[in-house]
>>> print(open('final17.txt').read())   # compact mmCIF, C-alpha atoms
# COMPACT_ATOMS: atom_id res chain seq x y z
CA MET Q 1 -36.73 15.66 13.56
CA PRO Q 2 -34.53 14.84 16.55
CA ALA Q 3 -31.28 13.15 15.64
CA GLU Q 4 -28.14 12.12 17.44
CA VAL Q 5 -25.00 13.82 16.18
CA ARG Q 6 -21.68 12.12 16.82
CA ILE Q 7 -18.93 14.66 17.32
CA PRO Q 8 -15.29 13.94 16.42
CA SER Q 9 -12.68 14.52 19.12
CA LEU Q 10 -11.46 17.59 17.27
CA LEU Q 11 -14.79 19.38 17.82
CA GLN Q 12 -15.76 18.01 21.22
CA LYS Q 13 -14.35 21.05 23.02
CA LEU Q 14 -16.80 23.25 21.12
CA VAL Q 15 -19.76 21.27 22.45
CA GLY Q 16 -18.65 21.13 26.06
CA GLY Q 17 -16.70 17.89 25.72
CA ALA Q 18 -19.62 15.75 24.58
CA LYS Q 19 -19.12 12.83 22.19
CA THR Q 20 -22.71 13.03 21.02
CA VAL Q 21 -25.30 15.80 21.06
CA GLN Q 22 -28.99 15.89 20.17
CA ALA Q 23 -30.26 18.28 17.53
CA GLU Q 24 -33.41 18.81 15.53
CA GLY Q 25 -33.93 19.70 11.89
CA GLN Q 26 -35.59 18.57 8.67
CA THR Q 27 -32.25 18.39 6.89
CA VAL Q 28 -28.58 17.94 7.75
CA GLY Q 29 -28.09 21.66 7.02
CA GLN Q 30 -30.77 22.60 9.54
CA ILE Q 31 -29.17 20.35 12.14
CA ILE Q 32 -25.87 22.17 11.63
CA ASP Q 33 -27.65 25.54 11.93
CA GLN Q 34 -29.18 24.43 15.22
CA LEU Q 35 -25.80 23.30 16.53
CA GLU Q 36 -24.34 26.67 15.52
CA ALA Q 37 -27.05 28.41 17.54
CA LYS Q 38 -26.15 26.34 20.59
CA TYR Q 39 -22.41 26.19 20.04
CA PRO Q 40 -21.02 29.26 18.28
CA ASP Q 41 -18.26 28.55 15.70
CA PHE Q 42 -19.52 25.03 15.14
CA LYS Q 43 -20.67 25.78 11.62
CA SER Q 44 -17.41 27.31 10.45
CA ARG Q 45 -15.57 24.16 11.44
CA VAL Q 46 -17.84 22.03 9.27
CA LEU Q 47 -18.84 24.30 6.38
CA ASP Q 48 -16.73 26.64 4.27
CA GLU Q 49 -17.34 30.37 3.71
CA ASN Q 50 -19.79 29.52 0.89
CA GLY Q 51 -21.86 27.34 3.19
CA LYS Q 52 -20.71 24.11 1.52
CA LEU Q 53 -19.43 21.09 3.35
CA ARG Q 54 -15.70 21.55 3.92
CA LEU Q 55 -13.49 19.48 1.64
CA PHE Q 56 -11.86 17.66 4.54
CA VAL Q 57 -14.99 17.00 6.57
CA ASN Q 58 -17.29 14.06 5.94
CA ILE Q 59 -20.81 13.71 7.25
CA PHE Q 60 -22.65 10.41 7.36
CA ILE Q 61 -26.33 9.95 8.00
CA ASN Q 62 -26.69 6.48 9.44
CA ASP Q 63 -24.32 4.57 7.11
CA GLU Q 64 -24.41 6.89 4.09
CA ASP Q 65 -22.05 9.68 3.11
CA ILE Q 66 -24.20 12.77 2.49
CA ARG Q 67 -22.00 13.63 -0.53
CA PHE Q 68 -23.68 10.67 -2.23
CA LEU Q 69 -27.14 11.80 -1.07
CA LYS Q 70 -28.33 15.40 -1.18
CA GLU Q 71 -25.42 16.90 0.75
CA LEU Q 72 -26.76 19.46 3.26
CA GLU Q 73 -30.28 19.06 1.87
CA THR Q 74 -30.32 15.40 2.90
CA PRO Q 75 -33.52 14.83 4.89
CA VAL Q 76 -33.26 13.74 8.50
CA ALA Q 77 -35.73 11.24 9.96
CA ASP Q 78 -36.60 10.80 13.61
CA GLY Q 79 -33.86 8.86 15.37
CA ASP Q 80 -31.27 9.10 12.59
CA THR Q 81 -27.62 9.15 13.59
CA ILE Q 82 -25.41 11.77 12.02
CA THR Q 83 -21.65 11.21 12.22
CA ILE Q 84 -19.14 13.95 11.54
CA LEU Q 85 -15.84 12.46 10.49
CA PRO Q 86 -12.80 14.57 9.66
CA ALA Q 87 -10.81 13.38 6.65
CA VAL Q 88 -7.67 11.33 7.10
CA ALA Q 89 -5.58 13.21 4.59
CA GLY Q 90 -2.29 14.90 3.87
CA GLY Q 91 0.57 14.61 1.51
CA GLY Q 92 4.29 14.72 0.97
CA LYS Q 93 4.29 18.23 -0.43
CA MET G 1 7.39 5.42 23.27
CA PHE G 2 5.17 3.70 20.73
CA HIS G 3 5.51 -0.04 20.30
CA LEU G 4 5.13 -0.78 16.59
CA GLY G 5 6.87 -4.14 16.47
CA LYS G 6 8.59 -5.76 13.50
CA ARG G 7 5.46 -7.38 12.10
CA TYR G 8 3.58 -4.10 11.72
CA ALA G 9 6.68 -2.18 10.66
CA ASP G 10 7.18 -4.72 7.86
CA GLU G 11 3.51 -4.43 6.96
CA LEU G 12 3.71 -0.62 6.69
CA VAL G 13 6.77 -0.81 4.45
CA SER G 14 5.25 -3.50 2.28
CA HIS G 15 2.05 -1.44 1.85
CA ALA G 16 4.11 1.64 0.98
CA LYS G 17 6.08 -0.32 -1.62
CA ALA G 18 2.94 -1.90 -3.08
CA GLU G 19 1.40 1.55 -3.68
CA ALA G 20 4.57 3.30 -4.83
CA PRO G 21 4.99 5.68 -6.58
CA ASN G 22 1.66 6.75 -5.05
CA GLU G 23 1.26 7.37 -1.35
CA CYS G 24 -0.40 4.63 0.70
CA CYS G 25 -2.55 5.17 3.77
CA GLY G 26 -4.14 3.18 6.53
CA ILE G 27 -5.10 2.95 10.17
CA LEU G 28 -3.78 1.15 13.23
CA ALA G 29 -6.30 0.13 15.85
CA GLY G 30 -5.41 -1.03 19.31
CA VAL G 31 -5.96 -1.20 23.01
CA GLU G 32 -3.84 0.66 25.54
CA GLY G 33 -1.10 1.32 23.00
CA ARG G 34 -0.98 -2.29 21.76
CA ILE G 35 -1.88 -2.74 18.09
CA THR G 36 -4.75 -5.14 17.44
CA LYS G 37 -5.35 -4.55 13.74
CA LEU G 38 -3.84 -2.80 10.76
CA TYR G 39 -6.28 -1.56 8.15
CA ARG G 40 -4.85 -0.98 4.70
CA ALA G 41 -7.05 1.62 3.07
CA ARG G 42 -7.57 3.17 -0.33
CA ASN G 43 -5.99 6.50 -1.15
CA THR G 44 -8.69 8.21 -3.21
CA GLU G 45 -6.10 10.68 -4.53
CA ASN G 46 -4.07 7.97 -6.31
CA SER G 47 -1.19 10.41 -6.10
CA PRO G 48 2.52 10.42 -5.27
CA LEU G 49 2.02 13.72 -3.40
CA ARG G 50 -1.34 13.47 -1.63
CA TYR G 51 -3.46 11.04 0.29
CA ASN G 52 -7.07 11.06 1.33
CA LEU G 53 -8.32 7.88 2.95
CA ASP G 54 -11.57 6.81 1.27
CA PRO G 55 -14.22 8.36 3.56
CA ARG G 56 -16.62 5.41 3.31
CA GLU G 57 -13.80 3.03 4.23
CA LEU G 58 -12.86 5.35 7.09
CA PHE G 59 -16.43 5.26 8.37
CA ARG G 60 -16.48 1.44 8.30
CA ILE G 61 -13.08 1.23 10.02
CA VAL G 62 -14.08 3.69 12.76
CA LYS G 63 -17.31 1.77 13.35
CA GLU G 64 -15.48 -1.54 13.64
CA ILE G 65 -12.91 -0.04 16.02
CA GLU G 66 -15.73 1.26 18.26
CA ALA G 67 -17.68 -2.01 18.08
CA LYS G 68 -14.61 -3.95 19.23
CA GLY G 69 -13.88 -1.52 22.04
CA TRP G 70 -10.56 -0.55 20.47
CA GLU G 71 -9.08 2.88 19.91
CA LEU G 72 -7.84 4.51 16.75
CA LEU G 73 -4.16 4.47 17.72
CA GLY G 74 -2.50 5.56 14.54
CA ILE G 75 -2.85 6.90 11.03
CA TYR G 76 -0.12 6.00 8.60
CA HIS G 77 0.85 7.14 5.14
CA SER G 78 3.93 7.04 2.95
CA HIS G 79 6.25 9.65 1.52
CA THR G 80 7.68 8.12 -1.59
CA HIS G 81 10.34 10.75 -2.28
CA THR G 82 10.77 12.76 0.91
CA GLU G 83 11.80 12.24 4.52
CA ALA G 84 9.52 10.60 7.10
CA TYR G 85 8.60 13.98 8.54
CA PRO G 86 5.20 15.75 8.37
CA SER G 87 4.89 18.09 5.39
CA ALA G 88 3.09 21.44 5.62
CA THR G 89 0.04 19.67 4.13
CA ASP G 90 0.27 16.88 6.69
CA ILE G 91 0.30 19.41 9.52
CA GLU G 92 -2.54 21.49 8.10
CA LEU G 93 -4.73 18.45 7.53
CA ALA G 94 -4.01 16.64 10.79
CA LEU G 95 -7.57 16.51 12.03
CA TRP G 96 -7.23 13.57 14.43
CA PRO G 97 -5.35 14.93 17.46
CA GLU G 98 -5.79 11.67 19.40
CA ALA G 99 -4.02 9.60 16.76
CA LEU G 100 -0.33 9.07 16.26
CA TYR G 101 0.71 9.94 12.70
CA LEU G 102 3.16 7.42 11.30
CA ILE G 103 5.07 8.20 8.13
CA VAL G 104 6.93 5.63 6.06
CA SER G 105 9.62 7.09 3.84
CA LEU G 106 10.78 5.29 0.71
CA LYS G 107 13.23 8.06 -0.12
CA ASN G 108 15.92 5.42 0.15
CA PRO G 109 14.01 2.34 -1.07
CA GLU G 110 16.73 0.02 0.19
CA GLU G 111 16.23 1.34 3.68
CA ALA G 112 12.69 2.49 4.37
CA THR G 113 12.26 4.54 7.54
CA ILE G 114 9.24 4.96 9.80
CA ARG G 115 8.75 7.82 12.24
CA ALA G 116 5.79 8.73 14.44
CA PHE G 117 4.39 12.11 15.43
CA ARG G 118 1.64 13.72 17.41
CA ILE G 119 0.26 16.58 15.34
CA ALA G 120 -2.23 18.91 16.96
CA ALA G 121 -3.05 22.57 16.38
CA GLY G 122 -0.09 22.99 14.07
CA GLN G 123 2.40 21.56 16.57
CA VAL G 124 4.49 18.51 15.76
CA GLU G 125 5.99 16.31 18.43
CA GLU G 126 7.98 13.22 17.55
CA MET G 127 7.34 10.03 19.45
CA ALA G 128 10.01 7.33 19.61
CA ILE G 129 9.11 3.97 18.09
CA SER G 130 10.23 0.70 19.61
CA GLY G 131 10.68 -2.38 17.49
>>> encode(input="final17.txt", output="structure tokens")
Amino acid sequence: MPAEVRIPSLLQKLVGGAKTVQAEGQTVGQIIDQLEAKYPDFKSRVLDENGKLRLFVNIFINDEDIRFLKELETPVADGDTITILPAVAGGGK
Amino acid sequence: MFHLGKRYADELVSHAKAEAPNECCGILAGVEGRITKLYRARNTENSPLRYNLDPRELFRIVKEIEAKGWELLGIYHSHTHTEAYPSATDIELALWPEALYLIVSLKNPEEATIRAFRIAAGQVEEMAISG
């Protein structure tokens, strides 16, 4: 299903400077695979070496955090908006 | 030079003190360097050493900032026992290169300090703050 993917500033260079890109897939994971095929290295910025969503990356489908849905297996419907949002995190040590 | 102003400086310190000994965190939105709104946010870590701004709150804040035509000017958090300087963790996890990272230190609780930094690709550059 075609979806719009909103790219955070940190990753815009990887996708030729675009703020949003179109991608197709039945699930969020498939969308990421398609983006990797178009934009090499994309996947490693979003997923860890075990293929899980990186700890400090959040993905929303429409208004829902996929961690509270089916993570990368979350189904994507035609016209959904997927937002990749890096964590705002750190610490004093 | 970043114009924080007394009102927002006081607000940052009061948020830091309210959350102490845990770290606080939040976001400053604005237009052309001028702050329009301060968002106090929840630190899901509830920790004196770490912060992670609640992702669902972050999503709502980012959406509101876009809807209003503002920019995400700054990200702030507190160091309750160390200097107002980015830690190794802060540098490693600085994933918003467009934002200014403000740190409130309560190391000396009588005299809280606030400093601001650009952090991108492991590089830290301090930005002067005007009152």
>>> residues_around(input="final17.txt", residues="Ile84 in chain Q", least_positions_apart="5", cutoff="12 Å", atoms="all atoms listed in the file", output="count of residues only")
38
>>> residues_around(input="final17.txt", residues="range 30-34 of chain G", least_positions_apart="3", cutoff="9 Å", atoms="only C-alpha atoms", output="short mmCIF file (atom, residue, chain, number, x, y, z; two decimals) with C-alpha atoms, in the frame of the given file")
data_model
loop_
_atom_site.label_atom_id
_atom_site.label_comp_id
_atom_site.auth_asym_id
_atom_site.auth_seq_id
_atom_site.Cartn_x
_atom_site.Cartn_y
_atom_site.Cartn_z
CA PHE G 2 5.17 3.70 20.73
CA HIS G 3 5.51 -0.04 20.30
CA LEU G 4 5.13 -0.78 16.59
CA LYS G 37 -5.35 -4.55 13.74
CA LEU G 38 -3.84 -2.80 10.76
CA ILE G 65 -12.91 -0.04 16.02
CA GLY G 69 -13.88 -1.52 22.04
CA TRP G 70 -10.56 -0.55 20.47
CA GLU G 71 -9.08 2.88 19.91
CA LEU G 72 -7.84 4.51 16.75
CA LEU G 73 -4.16 4.47 17.72
CA GLY G 74 -2.50 5.56 14.54
#
>>> interface_residues(input="final17.txt", of="chain Q", to="chain G", cutoff="7 Å", atoms="all atoms listed in the file", output="PyMOL selection string")
chain Q and resi 10+58+65+86-93
>>> atom_distance(input="final17.txt", atom1="CA of Pro75 in chain Q", atom2="CA of Ile61 in chain G")
25.1 Å
>>> closest_residue(input="final17.txt", among="G:Glu57, G:Tyr8, G:Lys17, G:Ala41", to="Leu85 in chain Q", atoms="only C-alpha atoms")
G:Glu57
>>> residues_around(input="final17.txt", residues="range 22-27 of chain Q", least_positions_apart="3", cutoff="10 Å", atoms="only C-alpha atoms", output="MDAnalysis selection string")
chainID Q and resid 1:6 30:35 38 70:79 81:82
>>> atom_distance(input="final17.txt", atom1="CA of Ser130 in chain G", atom2="CA of Ala116 in chain G")
10.5 Å
>>> atom_distance(input="final17.txt", atom1="CA of Leu12 in chain G", atom2="CA of Glu64 in chain G")
20.4 Å
>>> residues_near_point(input="final17.txt", point="(4.8, 11.5, 13.8)", cutoff="8 Å", atoms="all atoms listed in the file", output="list in words")
Tyr85, Pro86, Leu100, Tyr101, Leu102, Ile103, Arg115, Ala116, Phe117, Arg118, Ile119, Val124, Glu125, Glu126 and Met127 of chain G
>>> decode(input="final17.txt", residues="range 59-72 of chain G", atoms="all heavy atoms", output="short mmCIF file (atom, residue, chain, number, x, y, z; two decimals), in the first residue's frame")
data_model
loop_
_atom_site.label_atom_id
_atom_site.label_comp_id
_atom_site.auth_asym_id
_atom_site.auth_seq_id
_atom_site.Cartn_x
_atom_site.Cartn_y
_atom_site.Cartn_z
N PHE G 59 5.70 13.43 19.77
CA PHE G 59 4.95 13.42 18.52
C PHE G 59 3.89 14.53 18.52
O PHE G 59 3.75 15.28 17.56
CB PHE G 59 4.29 12.04 18.34
CG PHE G 59 3.51 11.89 17.07
CD1 PHE G 59 4.17 11.72 15.85
CD2 PHE G 59 2.12 11.90 17.07
CE1 PHE G 59 3.44 11.57 14.67
CE2 PHE G 59 1.40 11.75 15.90
CZ PHE G 59 2.06 11.58 14.69
N ARG G 60 3.16 14.65 19.64
CA ARG G 60 2.12 15.69 19.73
C ARG G 60 2.75 17.08 19.66
O ARG G 60 2.22 17.98 19.01
CB ARG G 60 1.33 15.55 21.04
CG ARG G 60 0.33 14.41 21.03
CD ARG G 60 -0.66 14.55 22.17
NE ARG G 60 -0.04 14.49 23.49
CZ ARG G 60 0.16 13.35 24.14
NH1 ARG G 60 -0.22 12.21 23.62
NH2 ARG G 60 0.73 13.37 25.33
N ILE G 61 3.88 17.26 20.34
CA ILE G 61 4.54 18.57 20.36
C ILE G 61 5.00 18.94 18.94
O ILE G 61 4.76 20.04 18.45
CB ILE G 61 5.73 18.57 21.35
CG1 ILE G 61 5.23 18.44 22.78
CG2 ILE G 61 6.57 19.84 21.19
CD1 ILE G 61 6.32 18.15 23.83
N VAL G 62 5.66 17.98 18.28
CA VAL G 62 6.17 18.24 16.92
C VAL G 62 5.02 18.58 15.98
O VAL G 62 5.12 19.48 15.14
CB VAL G 62 6.99 17.03 16.42
CG1 VAL G 62 7.26 17.11 14.93
CG2 VAL G 62 8.32 16.94 17.18
N LYS G 63 3.89 17.86 16.13
CA LYS G 63 2.74 18.15 15.27
C LYS G 63 2.19 19.55 15.52
O LYS G 63 1.84 20.26 14.60
CB LYS G 63 1.63 17.12 15.51
CG LYS G 63 1.80 15.89 14.64
CD LYS G 63 0.65 14.94 14.76
CE LYS G 63 -0.57 15.39 14.00
NZ LYS G 63 -1.52 14.29 13.79
N GLU G 64 2.13 19.93 16.79
CA GLU G 64 1.60 21.27 17.10
C GLU G 64 2.54 22.35 16.55
O GLU G 64 2.09 23.35 15.98
CB GLU G 64 1.41 21.45 18.60
CG GLU G 64 0.84 22.84 18.92
CD GLU G 64 0.48 23.05 20.38
OE1 GLU G 64 -0.28 22.23 20.93
OE2 GLU G 64 0.97 24.04 20.97
N ILE G 65 3.84 22.12 16.70
CA ILE G 65 4.83 23.09 16.22
C ILE G 65 4.67 23.28 14.70
O ILE G 65 4.67 24.40 14.19
CB ILE G 65 6.26 22.63 16.59
CG1 ILE G 65 6.48 22.81 18.09
CG2 ILE G 65 7.32 23.40 15.80
CD1 ILE G 65 7.81 22.26 18.61
N GLU G 66 4.49 22.17 13.99
CA GLU G 66 4.31 22.25 12.53
C GLU G 66 3.00 22.94 12.17
O GLU G 66 2.95 23.78 11.28
CB GLU G 66 4.34 20.85 11.92
CG GLU G 66 5.76 20.31 11.85
CD GLU G 66 5.83 18.91 11.28
OE1 GLU G 66 4.77 18.35 10.92
OE2 GLU G 66 6.95 18.38 11.21
N ALA G 67 1.93 22.58 12.90
CA ALA G 67 0.61 23.16 12.59
C ALA G 67 0.62 24.67 12.78
O ALA G 67 -0.07 25.40 12.07
CB ALA G 67 -0.45 22.50 13.47
N LYS G 68 1.40 25.15 13.74
CA LYS G 68 1.44 26.59 14.02
C LYS G 68 2.44 27.31 13.13
O LYS G 68 2.56 28.54 13.19
CB LYS G 68 1.85 26.83 15.48
CG LYS G 68 0.92 26.19 16.49
CD LYS G 68 0.15 27.23 17.24
CE LYS G 68 -0.67 26.59 18.35
NZ LYS G 68 -1.84 27.41 18.69
N GLY G 69 3.20 26.55 12.36
CA GLY G 69 4.21 27.18 11.50
C GLY G 69 5.45 27.61 12.28
O GLY G 69 6.19 28.48 11.83
N TRP G 70 5.65 26.99 13.46
CA TRP G 70 6.83 27.31 14.25
C TRP G 70 7.96 26.36 13.88
O TRP G 70 7.79 25.48 13.05
CB TRP G 70 6.52 27.15 15.76
CG TRP G 70 5.47 28.06 16.28
CD1 TRP G 70 5.05 29.23 15.72
CD2 TRP G 70 4.68 27.88 17.46
NE1 TRP G 70 4.06 29.79 16.50
CE2 TRP G 70 3.81 28.98 17.57
CE3 TRP G 70 4.64 26.89 18.46
CZ2 TRP G 70 2.90 29.12 18.62
CZ3 TRP G 70 3.75 27.03 19.51
CH2 TRP G 70 2.89 28.13 19.59
N GLU G 71 9.09 26.54 14.58
CA GLU G 71 10.20 25.61 14.44
C GLU G 71 10.52 25.04 15.82
O GLU G 71 10.25 25.69 16.83
CB GLU G 71 11.48 26.33 13.98
CG GLU G 71 11.43 26.99 12.64
CD GLU G 71 12.46 28.11 12.60
OE1 GLU G 71 13.64 27.83 12.87
OE2 GLU G 71 12.06 29.25 12.33
N LEU G 72 11.14 23.88 15.79
CA LEU G 72 11.63 23.31 17.05
C LEU G 72 12.99 23.96 17.30
O LEU G 72 13.99 23.61 16.68
CB LEU G 72 11.76 21.79 16.91
CG LEU G 72 11.93 21.00 18.21
CD1 LEU G 72 11.46 19.57 18.00
CD2 LEU G 72 13.34 21.03 18.71
#
